[in-house]
$ cat start_4.cif   # mmCIF, C-alpha atoms
data_start
#
loop_
_atom_site.label_atom_id
_atom_site.label_comp_id
_atom_site.auth_asym_id
_atom_site.auth_seq_id
_atom_site.Cartn_x
_atom_site.Cartn_y
_atom_site.Cartn_z
CA MET A 1 111.09 124.87 241.61
CA LYS A 2 111.89 125.15 237.91
CA LYS A 3 110.04 128.47 237.70
CA ILE A 4 111.98 129.82 240.68
CA TYR A 5 115.26 128.72 239.08
CA LEU A 6 114.33 130.45 235.82
CA PHE A 7 113.33 133.61 237.68
CA VAL A 8 116.63 133.71 239.59
CA THR A 9 118.59 133.12 236.40
CA LEU A 10 116.70 135.90 234.63
CA PHE A 11 117.21 138.26 237.60
CA LEU A 12 120.96 137.61 237.65
CA PHE A 13 121.16 138.15 233.89
CA VAL A 14 119.28 141.44 234.09
CA ALA A 15 121.40 142.58 237.05
CA SER A 16 124.59 141.70 235.22
CA THR A 17 123.45 143.50 232.08
CA TYR A 18 122.52 146.59 234.09
CA ALA A 19 125.98 146.61 235.69
CA GLN A 20 127.58 146.47 232.27
CA VAL A 21 125.72 149.47 230.90
CA LYS A 22 125.88 151.63 234.02
CA LYS A 23 126.58 155.19 232.96
CA VAL A 24 129.51 157.18 234.31
CA ASP A 25 129.57 160.91 233.63
CA SER A 26 132.89 162.47 232.66
CA PHE A 27 131.85 165.83 234.11
CA THR A 28 130.68 164.73 237.56
CA ASP A 29 131.50 161.08 238.29
CA GLY A 30 135.26 161.42 238.64
CA LYS A 31 137.59 162.50 241.40
CA TYR A 32 140.77 164.51 241.77
CA ILE A 33 143.95 162.63 242.55
CA ASN A 34 147.24 164.26 243.47
CA VAL A 35 149.99 163.15 241.11
CA ASN A 36 153.46 164.67 241.11
CA GLY A 37 152.27 167.91 242.64
CA ALA A 38 149.17 168.41 240.47
CA LYS A 39 145.51 167.48 240.75
CA LEU A 40 144.46 165.18 237.91
CA TRP A 41 140.81 164.45 237.11
CA VAL A 42 140.21 160.68 236.99
CA VAL A 43 137.09 158.83 235.82
CA VAL A 44 136.78 155.06 236.31
CA VAL A 45 134.36 152.77 234.47
CA GLY A 46 133.76 149.14 235.40
CA GLU A 47 135.64 146.63 237.50
CA GLY A 48 138.37 144.14 236.71
CA ASP A 49 141.91 144.31 235.44
CA PRO A 50 142.89 147.99 234.99
CA ILE A 51 143.43 149.64 231.62
CA ILE A 52 144.70 153.21 231.65
CA ILE A 53 143.64 155.10 228.51
CA ILE A 54 146.20 157.72 227.46
CA PRO A 55 144.68 160.39 225.19
CA GLY A 56 146.30 161.95 222.14
CA GLY A 57 147.10 165.49 221.11
CA PRO A 58 149.33 166.34 222.81
CA GLY A 59 146.81 168.45 224.66
CA GLY A 60 143.66 166.34 224.42
CA ALA A 61 141.38 165.50 227.36
CA HIS A 62 139.85 162.09 228.01
CA ILE A 63 136.32 163.07 226.95
CA GLY A 64 136.82 161.97 223.34
CA TYR A 65 137.78 158.44 224.35
CA ARG A 66 134.62 157.22 226.02
CA ASP A 67 134.07 154.70 223.20
CA PHE A 68 136.43 152.49 225.19
CA ASP A 69 133.68 152.11 227.84
CA ARG A 70 132.66 148.97 225.97
CA LEU A 71 135.79 147.21 227.22
CA ALA A 72 134.32 147.43 230.73
CA ASP A 73 131.62 144.98 229.61
CA SER A 74 134.36 142.33 229.44
CA HIS A 75 135.42 142.75 233.06
CA HIS A 76 138.05 145.42 232.59
CA GLN A 77 138.34 148.53 234.72
CA ILE A 78 138.78 151.48 232.36
CA VAL A 79 140.75 154.33 233.91
CA TYR A 80 140.33 157.63 232.09
CA PHE A 81 142.19 160.74 233.15
CA ASP A 82 142.89 164.28 232.06
CA ALA A 83 146.66 164.63 232.03
CA PHE A 84 148.44 167.67 233.44
CA GLY A 85 147.30 170.74 231.53
CA ARG A 86 144.27 169.08 229.96
CA GLY A 87 140.56 168.97 230.69
CA LYS A 88 139.60 169.45 234.32
CA SER A 89 143.10 168.84 235.65
CA ASP A 90 145.52 171.48 236.89
CA THR A 91 147.36 173.59 234.35
CA ALA A 92 150.97 174.75 234.49
CA LYS A 93 152.05 178.22 235.54
CA ASN A 94 154.64 178.07 232.75
CA VAL A 95 154.21 176.09 229.53
CA SER A 96 157.77 174.79 229.87
CA GLU A 97 156.40 172.42 232.52
CA TYR A 98 154.65 170.42 229.78
CA THR A 99 156.98 167.62 228.67
CA LEU A 100 156.82 164.07 227.41
CA ALA A 101 158.93 162.99 230.38
CA ARG A 102 156.39 164.52 232.79
CA ASP A 103 153.52 162.73 231.07
CA ILE A 104 155.35 159.40 231.37
CA GLU A 105 156.07 159.92 235.06
CA ASP A 106 152.43 160.86 235.67
CA ILE A 107 151.31 157.42 234.48
CA GLU A 108 153.47 155.84 237.17
CA GLY A 109 152.25 158.39 239.71
CA LEU A 110 148.64 157.63 238.77
CA ARG A 111 149.22 153.88 239.07
CA LYS A 112 150.62 154.31 242.57
CA ALA A 113 147.95 156.77 243.67
CA LEU A 114 145.21 154.34 242.62
CA ASN A 115 146.99 151.45 244.36
CA LEU A 116 147.13 149.41 241.19
CA GLY A 117 149.47 146.52 240.61
CA LYS A 118 150.29 145.58 237.05
CA ILE A 119 148.35 147.60 234.52
CA THR A 120 147.57 147.69 230.83
CA VAL A 121 148.18 151.00 229.12
CA LEU A 122 146.42 151.90 225.90
CA GLY A 123 147.99 154.91 224.23
CA HIS A 124 146.31 156.50 221.25
CA SER A 125 148.15 158.85 218.85
CA TYR A 126 150.36 161.08 221.04
CA GLY A 127 149.26 158.90 223.96
CA GLY A 128 151.18 156.08 222.31
CA LEU A 129 154.40 158.04 222.82
CA VAL A 130 153.65 158.18 226.52
CA ALA A 131 152.73 154.48 226.55
CA GLN A 132 155.95 153.44 224.80
CA GLY A 133 158.05 155.60 227.08
CA TYR A 134 156.32 154.12 230.12
CA ALA A 135 156.81 150.55 228.86
CA ILE A 136 160.52 151.16 228.33
CA LYS A 137 161.05 152.80 231.74
CA TYR A 138 158.65 150.72 233.87
CA PRO A 139 158.33 147.33 232.12
CA ALA A 140 157.76 145.42 235.37
CA ASN A 141 154.55 147.36 236.01
CA LEU A 142 152.87 146.42 232.73
CA SER A 143 150.81 143.36 231.95
CA HIS A 144 149.99 144.44 228.38
CA LEU A 145 150.83 147.34 226.06
CA ILE A 146 148.40 148.59 223.40
CA LEU A 147 149.53 151.19 220.86
CA ALA A 148 146.80 152.65 218.66
CA ASP A 149 147.49 154.83 215.62
CA THR A 150 150.68 156.18 217.08
CA PHE A 151 154.26 157.09 216.19
CA HIS A 152 157.55 155.32 216.82
CA SER A 153 159.83 158.32 216.28
CA PHE A 154 160.15 161.98 215.41
CA VAL A 155 160.79 160.78 211.86
CA MET A 156 157.29 159.32 211.68
CA TRP A 157 155.76 162.44 213.23
CA GLN A 158 157.48 164.57 210.60
CA GLU A 159 155.90 162.32 207.97
CA ASN A 160 152.57 163.13 209.61
CA ASP A 161 153.27 166.82 208.96
CA ASP A 162 154.52 166.28 205.43
CA ASN A 163 151.68 163.98 204.38
CA SER A 164 148.97 166.14 205.98
CA ASN A 165 150.27 169.24 204.25
CA GLN A 166 150.54 167.49 200.90
CA GLU A 167 146.92 166.34 201.21
CA ILE A 168 145.80 169.87 202.09
CA LYS A 169 147.80 171.39 199.25
CA THR A 170 146.26 168.94 196.77
CA ASN A 171 142.66 168.84 197.98
CA TYR A 172 142.18 172.21 199.68
CA PRO A 173 144.23 174.53 197.44
CA GLU A 174 142.31 177.61 198.59
CA VAL A 175 143.26 176.88 202.21
CA TRP A 176 146.84 176.17 201.18
CA ALA A 177 147.03 179.49 199.34
CA GLN A 178 145.93 181.35 202.48
CA LEU A 179 148.54 179.49 204.54
CA MET A 180 151.33 180.22 202.09
CA LYS A 181 150.43 183.89 202.01
CA ILE A 182 150.73 184.38 205.77
CA ARG A 183 153.74 182.07 206.04
CA GLU A 184 155.55 184.22 203.50
CA GLN A 185 154.92 187.08 205.90
CA GLY A 186 156.54 185.13 208.76
CA ALA A 187 153.59 183.35 210.37
CA VAL A 188 154.13 179.95 211.99
CA SER A 189 151.82 177.14 213.13
CA SER A 190 151.32 178.46 216.66
CA ASP A 191 150.12 181.88 215.52
CA PRO A 192 146.34 182.30 216.02
CA GLU A 193 145.74 183.32 212.40
CA HIS A 194 147.64 180.27 211.14
CA GLN A 195 145.62 177.98 213.43
CA LYS A 196 142.36 179.52 212.22
CA ILE A 197 143.18 178.89 208.57
CA TYR A 198 144.47 175.38 209.26
CA SER A 199 141.24 174.52 211.07
CA GLN A 200 139.23 175.09 207.87
CA VAL A 201 140.22 171.58 206.82
CA PRO A 202 137.58 169.18 208.22
CA TYR A 203 138.80 166.70 210.83
CA GLY A 204 137.36 163.78 208.87
CA PHE A 205 139.39 164.60 205.76
CA LEU A 206 142.71 163.62 207.37
CA TYR A 207 141.55 161.35 210.17
CA ALA A 208 138.68 159.22 208.86
CA TYR A 209 137.65 156.48 206.47
CA ASP A 210 134.05 157.67 206.82
CA PRO A 211 134.07 161.40 207.63
CA ASP A 212 130.37 161.36 208.48
CA ARG A 213 131.19 159.48 211.68
CA PHE A 214 132.96 162.58 212.94
CA VAL A 215 130.30 165.19 212.27
CA SER A 216 129.29 166.52 215.65
CA SER A 217 125.78 165.73 216.82
CA GLY A 218 125.99 168.38 219.51
CA GLY A 219 126.05 165.83 222.34
CA ASP A 220 124.16 166.89 225.44
CA GLY A 221 125.09 170.53 224.96
CA ARG A 222 127.75 170.64 227.63
CA ARG A 223 131.20 171.88 226.69
CA TYR A 224 134.01 169.95 228.33
CA PRO A 225 136.58 172.34 229.80
CA ASN A 226 139.99 172.65 228.15
CA SER A 227 139.33 169.69 225.88
CA MET A 228 142.31 170.68 223.72
CA ASN A 229 145.14 172.81 225.13
CA THR A 230 146.75 174.39 222.06
CA LYS A 231 149.41 176.18 224.12
CA LEU A 232 150.51 172.80 225.45
CA TYR A 233 150.39 171.34 221.94
CA TYR A 234 152.75 173.90 220.44
CA GLN A 235 155.02 173.79 223.48
CA MET A 236 155.55 170.09 222.81
CA VAL A 237 155.59 169.95 219.00
CA GLY A 238 157.42 173.24 218.48
CA LYS A 239 156.19 176.67 217.50
CA ASP A 240 155.93 175.62 213.84
CA GLY A 241 155.01 172.06 214.67
CA ASP A 242 152.43 171.61 211.90
CA PHE A 243 155.25 171.95 209.38
CA ILE A 244 158.51 171.22 211.21
CA VAL A 245 158.45 169.18 214.42
CA GLY A 246 160.56 170.47 217.26
CA SER A 247 160.77 170.49 221.06
CA ASP A 248 159.96 167.10 222.68
CA ILE A 249 158.23 165.71 219.59
CA GLY A 250 161.21 166.61 217.46
CA ALA A 251 163.52 164.48 219.58
CA PHE A 252 161.77 161.27 220.70
CA ASP A 253 162.81 157.97 219.10
CA TYR A 254 161.83 154.51 220.37
CA ARG A 255 162.87 152.48 217.32
CA LYS A 256 165.93 150.83 218.86
CA GLN A 257 164.23 149.98 222.17
CA LEU A 258 160.93 148.47 221.05
CA LYS A 259 162.42 145.07 220.23
CA ASP A 260 163.44 144.62 223.87
CA LEU A 261 159.93 144.88 225.32
CA LYS A 262 158.94 141.62 227.02
CA MET A 263 155.26 142.23 227.79
CA PRO A 264 152.58 141.35 225.20
CA VAL A 265 152.27 144.23 222.71
CA LEU A 266 149.37 145.03 220.37
CA ILE A 267 149.85 147.66 217.66
CA GLU A 268 146.86 148.95 215.69
CA THR A 269 146.60 151.37 212.80
CA GLY A 270 144.06 152.42 210.17
CA ARG A 271 144.52 152.03 206.43
CA PHE A 272 143.04 155.50 205.84
CA ASP A 273 145.01 157.26 208.56
CA ARG A 274 146.58 160.31 206.94
CA VAL A 275 148.53 161.39 210.03
CA ALA A 276 149.98 158.17 211.48
CA VAL A 277 150.60 157.16 207.90
CA PRO A 278 150.44 153.41 207.08
CA TYR A 279 153.77 153.22 205.25
CA MET A 280 155.49 154.43 208.42
CA ALA A 281 153.19 152.58 210.83
CA ILE A 282 153.93 149.24 209.20
CA LYS A 283 157.59 149.69 210.17
CA PHE A 284 156.49 148.82 213.70
CA LYS A 285 156.65 145.21 212.42
CA GLU A 286 160.38 145.67 212.00
CA TYR A 287 161.06 147.68 215.16
CA CYS A 288 158.81 145.60 217.43
CA PRO A 289 158.68 142.19 215.68
CA GLN A 290 157.30 140.40 218.76
CA ALA A 291 154.12 142.51 218.69
CA GLU A 292 150.74 141.60 217.25
CA PHE A 293 150.12 144.09 214.42
CA VAL A 294 146.62 144.81 213.06
CA MET A 295 145.68 146.99 210.09
CA PHE A 296 142.05 148.18 210.11
CA GLU A 297 140.93 148.35 206.51
CA LYS A 298 137.93 150.64 207.04
CA SER A 299 139.36 153.08 209.58
CA GLY A 300 141.38 156.22 209.71
CA HIS A 301 142.96 157.44 212.94
CA ASN A 302 140.25 156.01 215.23
CA PRO A 303 139.38 152.31 214.76
CA GLN A 304 137.52 152.41 218.09
CA VAL A 305 135.01 154.72 216.38
CA GLU A 306 134.93 153.36 212.83
CA GLU A 307 135.31 149.60 213.43
CA PRO A 308 134.44 149.22 217.12
CA ASP A 309 133.17 145.62 217.04
CA LYS A 310 136.36 144.41 215.39
CA ASP A 311 138.59 146.60 217.53
CA PHE A 312 137.17 145.61 220.90
CA LYS A 313 137.15 141.91 220.02
CA ILE A 314 140.81 142.13 219.06
CA ILE A 315 141.66 143.98 222.26
CA ASN A 316 139.72 141.54 224.46
CA ASP A 317 141.31 138.53 222.77
CA PHE A 318 144.75 140.12 223.19
CA LEU A 319 144.18 140.84 226.88
CA ALA A 320 143.10 137.25 227.45
CA LYS A 321 146.55 136.00 226.42
#

$ encode --input "start_4.cif" --output "structure tokens"
Amino acid sequence: MKKIYLFVTLFLFVASTYAQVKKVDSFTDGKYINVNGAKLWVVVVGEGDPIIIIPGGPGGAHIGYRDFDRLADSHHQIVYFDAFGRGKSDTAKNVSEYTLARDIEDIEGLRKALNLGKITVLGHSYGGLVAQGYAIKYPANLSHLILADTFHSFVMWQENDDNSNQEIKTNYPEVWAQLMKIREQGAVSSDPEHQKIYSQVPYGFLYAYDPDRFVSSGGDGRRYPNSMNTKLYYQMVGKDGDFIVGSDIGAFDYRKQLKDLKMPVLIETGRFDRVAVPYMAIKFKEYCPQAEFVMFEKSGHNPQVEEPDKDFKIINDFLAK
């Protein structure tokens, strides 16, 4: 009898472990859901209380956020999606259709379409703008709010621009010289030549504690469609948005409203984040004093990549409250 009991226990353990590590493919294992007149590509991992992951950019698809799969091991249902204009989802006929307000409404539309009750939203970088806007407009629909390496206002986003450009000017003077030359001739951030020069600066320089973590391994060789919509990006940050924020990003400001949020709030940022800069991020303590605030000492803009064990423990502990 003891042997049978041990066998059953082992079988249940193996079955449970297998369920935890079950693979879900971003390319094929999703489905299209109609939200506010557009088809959005949605990929769900795991079962349990729902967490909607809101990608950054603006313009980024969900594919770069699959590190959060690990949260599914703790009985959370992770809901990934490509927002309107990103990834495999529908794109707009006119770029003017891309707005922060639309992105906020699409979270509510997605929640309803999936027949979810209260949800957790985790917004990273630009996604944090959407998450904050959603929490302010639809507080009754949130169980928890997680803001990761994000911005509280256009003032902070402008500091992103200013700090990034100062770092480039100091550490990549040859790139800076090329930029200044074409800018003197009238070029702005959204011009293809300007984008090409700007992209010479490695991602890890501005976004990482350990840049080697962000050197591409090539993956499985498949290229995810529309993983970054630059037309959408410059529509929302302004045509010269890498230097002077405009459009939607030049106008948002949540600083006065954050203190009124009643749901549990977790705010994370990285000490080596050179875009969501720490000296501005730490002001979240003042604007949202009721929140739990965590500084990751060995991370840049992506603690889920650079300090995943610490990050996911903090998130799981927070969600258990």

$ closest_residue --input "start_4.cif" --among "A:Ile63, A:Leu266, A:Ile107, A:Ala113" --to "A:Tyr32" --atoms "all atoms listed in the file"
A:Ala113

$ residues_around --input "start_4.cif" --residues "stretch 58-60 of chain A" --least-positions-apart "6" --cutoff "6 Å" --atoms "only C-alpha atoms" --output "ChimeraX atom specification"
/A:86,126,227-229,232-233

$ closest_residue --input "start_4.cif" --among "A:Ser247, A:Trp176, A:Ser216, A:Met236" --to "A:Ser199" --atoms "all atoms listed in the file"
A:Trp176

$ atom_distance --input "start_4.cif" --atom1 "atom CA of A:Met280" --atom2 "atom CA of A:Tyr203"
20.9 Å

$ resolve_selection --input "start_4.cif" --expression "the PyMOL selection byres ((chain A and resi 276) around 7)" --output "PDB file with C-alpha atoms, in the frame of the given file"
ATOM      1  CA  ASP A 149     147.490 154.830 215.620  1.00  0.00           C
ATOM      2  CA  THR A 150     150.680 156.180 217.080  1.00  0.00           C
ATOM      3  CA  PHE A 151     154.260 157.090 216.190  1.00  0.00           C
ATOM      4  CA  ASN A 160     152.570 163.130 209.610  1.00  0.00           C
ATOM      5  CA  ASP A 273     145.010 157.260 208.560  1.00  0.00           C
ATOM      6  CA  ARG A 274     146.580 160.310 206.940  1.00  0.00           C
ATOM      7  CA  VAL A 275     148.530 161.390 210.030  1.00  0.00           C
ATOM      8  CA  VAL A 277     150.600 157.160 207.900  1.00  0.00           C
ATOM      9  CA  PRO A 278     150.440 153.410 207.080  1.00  0.00           C
ATOM     10  CA  ALA A 281     153.190 152.580 210.830  1.00  0.00           C
TER      11      ALA A 281
END

$ resolve_selection --input "start_4.cif" --expression "the PyMOL selection byres ((chain A and resi 97-105) around 8)" --output "PDB file with C-alpha atoms, keeping the file's coordinate frame"
ATOM      1  CA  ALA A  83     146.660 164.630 232.030  1.00  0.00           C
ATOM      2  CA  PHE A  84     148.440 167.670 233.440  1.00  0.00           C
ATOM      3  CA  GLY A  85     147.300 170.740 231.530  1.00  0.00           C
ATOM      4  CA  ALA A  92     150.970 174.750 234.490  1.00  0.00           C
ATOM      5  CA  LYS A  93     152.050 178.220 235.540  1.00  0.00           C
ATOM      6  CA  ASN A  94     154.640 178.070 232.750  1.00  0.00           C
ATOM      7  CA  VAL A  95     154.210 176.090 229.530  1.00  0.00           C
ATOM      8  CA  SER A  96     157.770 174.790 229.870  1.00  0.00           C
ATOM      9  CA  ASP A 106     152.430 160.860 235.670  1.00  0.00           C
ATOM     10  CA  ILE A 107     151.310 157.420 234.480  1.00  0.00           C
ATOM     11  CA  GLU A 108     153.470 155.840 237.170  1.00  0.00           C
ATOM     12  CA  GLY A 109     152.250 158.390 239.710  1.00  0.00           C
ATOM     13  CA  LEU A 129     154.400 158.040 222.820  1.00  0.00           C
ATOM     14  CA  VAL A 130     153.650 158.180 226.520  1.00  0.00           C
ATOM     15  CA  ALA A 131     152.730 154.480 226.550  1.00  0.00           C
ATOM     16  CA  GLY A 133     158.050 155.600 227.080  1.00  0.00           C
ATOM     17  CA  TYR A 134     156.320 154.120 230.120  1.00  0.00           C
ATOM     18  CA  LEU A 232     150.510 172.800 225.450  1.00  0.00           C
ATOM     19  CA  GLN A 235     155.020 173.790 223.480  1.00  0.00           C
ATOM     20  CA  MET A 236     155.550 170.090 222.810  1.00  0.00           C
ATOM     21  CA  ASP A 248     159.960 167.100 222.680  1.00  0.00           C
TER      22      ASP A 248
END

$ residues_around --input "start_4.cif" --residues "A:Tyr198" --least-positions-apart "5" --cutoff "9 Å" --atoms "only C-alpha atoms" --output "VMD selection string"
chain A and resid 175 to 176 179 189 193

$ resolve_selection --input "start_4.cif" --expression "the PyMOL selection byres ((chain A and resi 240) around 12)" --output "list in words"
Gln158, Asp161, Arg183, Gly186, Ala187, Val188, Ser189, Ser190, Asp191, Pro192, His194, Gln195, Tyr233, Tyr234, Gln235, Met236, Val237, Gly238, Lys239, Gly241, Asp242, Phe243, Ile244, Val245, Gly246, Ser247, Ile249 and Gly250 of chain A

$ residues_around --input "start_4.cif" --residues "A:Arg271" --least-positions-apart "3" --cutoff "8 Å" --atoms "only C-alpha atoms" --output "list in words"
Pro278, Met295, Phe296, Glu297, Lys298, Ser299 and Gly300 of chain A

$ residues_near_point --input "start_4.cif" --point "(138.1, 152.0, 215.3)" --cutoff "10 Å" --atoms "all atoms listed in the file" --output "list in words"
Asp67, Ala148, Asp149, Ala208, Tyr209, Glu268, Thr269, Gly270, Phe296, Glu297, Lys298, Ser299, Gly300, His301, Asn302, Pro303, Gln304, Val305, Glu306, Glu307, Pro308, Asp309, Lys310, Asp311 and Phe312 of chain A

$ write_last_selection --input "start_4.cif" --atoms "C-alpha atoms" --output "tab-separated table (two decimals), keeping the file's coordinate frame"
chain	number	residue	atom	x	y	z
A	67	ASP	CA	134.07	154.70	223.20
A	148	ALA	CA	146.80	152.65	218.66
A	149	ASP	CA	147.49	154.83	215.62
A	208	ALA	CA	138.68	159.22	208.86
A	209	TYR	CA	137.65	156.48	206.47
A	268	GLU	CA	146.86	148.95	215.69
A	269	THR	CA	146.60	151.37	212.80
A	270	GLY	CA	144.06	152.42	210.17
A	296	PHE	CA	142.05	148.18	210.11
A	297	GLU	CA	140.93	148.35	206.51
A	298	LYS	CA	137.93	150.64	207.04
A	299	SER	CA	139.36	153.08	209.58
A	300	GLY	CA	141.38	156.22	209.71
A	301	HIS	CA	142.96	157.44	212.94
A	302	ASN	CA	140.25	156.01	215.23
A	303	PRO	CA	139.38	152.31	214.76
A	304	GLN	CA	137.52	152.41	218.09
A	305	VAL	CA	135.01	154.72	216.38
A	306	GLU	CA	134.93	153.36	212.83
A	307	GLU	CA	135.31	149.60	213.43
A	308	PRO	CA	134.44	149.22	217.12
A	309	ASP	CA	133.17	145.62	217.04
A	310	LYS	CA	136.36	144.41	215.39
A	311	ASP	CA	138.59	146.60	217.53
A	312	PHE	CA	137.17	145.61	220.90

$ atom_distance --input "start_4.cif" --atom1 "atom CA of A:Gln132" --atom2 "atom CA of A:Asn226"
25.2 Å

$ atom_distance --input "start_4.cif" --atom1 "atom CA of A:Tyr254" --atom2 "atom CA of A:Phe284"
10.3 Å

$ closest_residue --input "start_4.cif" --among "A:Ile33, A:Glu159, A:Ala251, A:Tyr224" --to "A:Tyr279" --atoms "only C-alpha atoms"
A:Glu159

$ residues_around --input "start_4.cif" --residues "A:Asp260" --least-positions-apart "2" --cutoff "10 Å" --atoms "all atoms listed in the file" --output "PyMOL selection string"
chain A and resi 136+256-258+262-263+287-290

$ closest_residue --input "start_4.cif" --among "A:Gly128, A:Pro173, A:Gly30, A:Pro264" --to "A:Ser153" --atoms "all atoms listed in the file"
A:Gly128

$ closest_residue --input "start_4.cif" --among "A:Tyr172, A:Tyr138, A:Phe252, A:Tyr65" --to "A:Leu206" --atoms "all atoms listed in the file"
A:Tyr172

$ residues_near_point --input "start_4.cif" --point "(130.6, 155.2, 233.4)" --cutoff "7 Å" --atoms "all atoms listed in the file" --output "list of chain:residue names"
A:Lys22, A:Lys23, A:Val24, A:Asp25, A:Val44, A:Val45

$ build_atoms --input "start_4.cif" --residues "stretch 80-93 of chain A" --atoms "N, CA, C and O atoms" --output "JSON list (two decimals), in the frame of the given file"
[["chain", "number", "residue", "atom", "x", "y", "z"],
["A", 80, "TYR", "N", 140.14, 156.43, 232.90],
["A", 80, "TYR", "CA", 140.33, 157.63, 232.09],
["A", 80, "TYR", "C", 140.91, 158.73, 232.97],
["A", 80, "TYR", "O", 140.62, 158.78, 234.18],
["A", 81, "PHE", "N", 141.69, 159.61, 232.38],
["A", 81, "PHE", "CA", 142.19, 160.74, 233.15],
["A", 81, "PHE", "C", 142.51, 161.89, 232.22],
["A", 81, "PHE", "O", 142.80, 161.69, 231.03],
["A", 82, "ASP", "N", 142.41, 163.09, 232.76],
["A", 82, "ASP", "CA", 142.89, 164.28, 232.06],
["A", 82, "ASP", "C", 144.32, 164.53, 232.54],
["A", 82, "ASP", "O", 144.54, 164.78, 233.73],
["A", 83, "ALA", "N", 145.27, 164.43, 231.65],
["A", 83, "ALA", "CA", 146.66, 164.63, 232.03],
["A", 83, "ALA", "C", 146.91, 166.09, 232.43],
["A", 83, "ALA", "O", 146.07, 166.97, 232.20],
["A", 84, "PHE", "N", 148.05, 166.33, 233.00],
["A", 84, "PHE", "CA", 148.44, 167.67, 233.44],
["A", 84, "PHE", "C", 148.30, 168.66, 232.29],
["A", 84, "PHE", "O", 148.83, 168.46, 231.21],
["A", 85, "GLY", "N", 147.50, 169.72, 232.54],
["A", 85, "GLY", "CA", 147.30, 170.74, 231.53],
["A", 85, "GLY", "C", 146.12, 170.52, 230.62],
["A", 85, "GLY", "O", 145.84, 171.34, 229.74],
["A", 86, "ARG", "N", 145.40, 169.40, 230.83],
["A", 86, "ARG", "CA", 144.27, 169.08, 229.96],
["A", 86, "ARG", "C", 142.98, 168.99, 230.78],
["A", 86, "ARG", "O", 142.98, 168.69, 231.96],
["A", 87, "GLY", "N", 141.86, 169.20, 230.08],
["A", 87, "GLY", "CA", 140.56, 168.97, 230.69],
["A", 87, "GLY", "C", 140.36, 169.66, 232.02],
["A", 87, "GLY", "O", 140.64, 170.85, 232.17],
["A", 88, "LYS", "N", 139.91, 168.90, 233.00],
["A", 88, "LYS", "CA", 139.60, 169.45, 234.32],
["A", 88, "LYS", "C", 140.79, 169.41, 235.27],
["A", 88, "LYS", "O", 140.67, 169.80, 236.43],
["A", 89, "SER", "N", 141.92, 168.93, 234.80],
["A", 89, "SER", "CA", 143.10, 168.84, 235.65],
["A", 89, "SER", "C", 143.80, 170.18, 235.77],
["A", 89, "SER", "O", 143.52, 171.13, 235.03],
["A", 90, "ASP", "N", 144.74, 170.26, 236.71],
["A", 90, "ASP", "CA", 145.52, 171.48, 236.89],
["A", 90, "ASP", "C", 146.29, 171.84, 235.63],
["A", 90, "ASP", "O", 146.69, 170.95, 234.86],
["A", 91, "THR", "N", 146.52, 173.12, 235.45],
["A", 91, "THR", "CA", 147.36, 173.59, 234.35],
["A", 91, "THR", "C", 148.65, 174.18, 234.91],
["A", 91, "THR", "O", 148.74, 174.55, 236.08],
["A", 92, "ALA", "N", 149.66, 174.27, 234.06],
["A", 92, "ALA", "CA", 150.97, 174.75, 234.49],
["A", 92, "ALA", "C", 151.00, 176.27, 234.57],
["A", 92, "ALA", "O", 150.31, 176.96, 233.81],
["A", 93, "LYS", "N", 151.83, 176.78, 235.47],
["A", 93, "LYS", "CA", 152.05, 178.22, 235.54],
["A", 93, "LYS", "C", 152.92, 178.67, 234.37],
["A", 93, "LYS", "O", 152.82, 179.81, 233.90]]
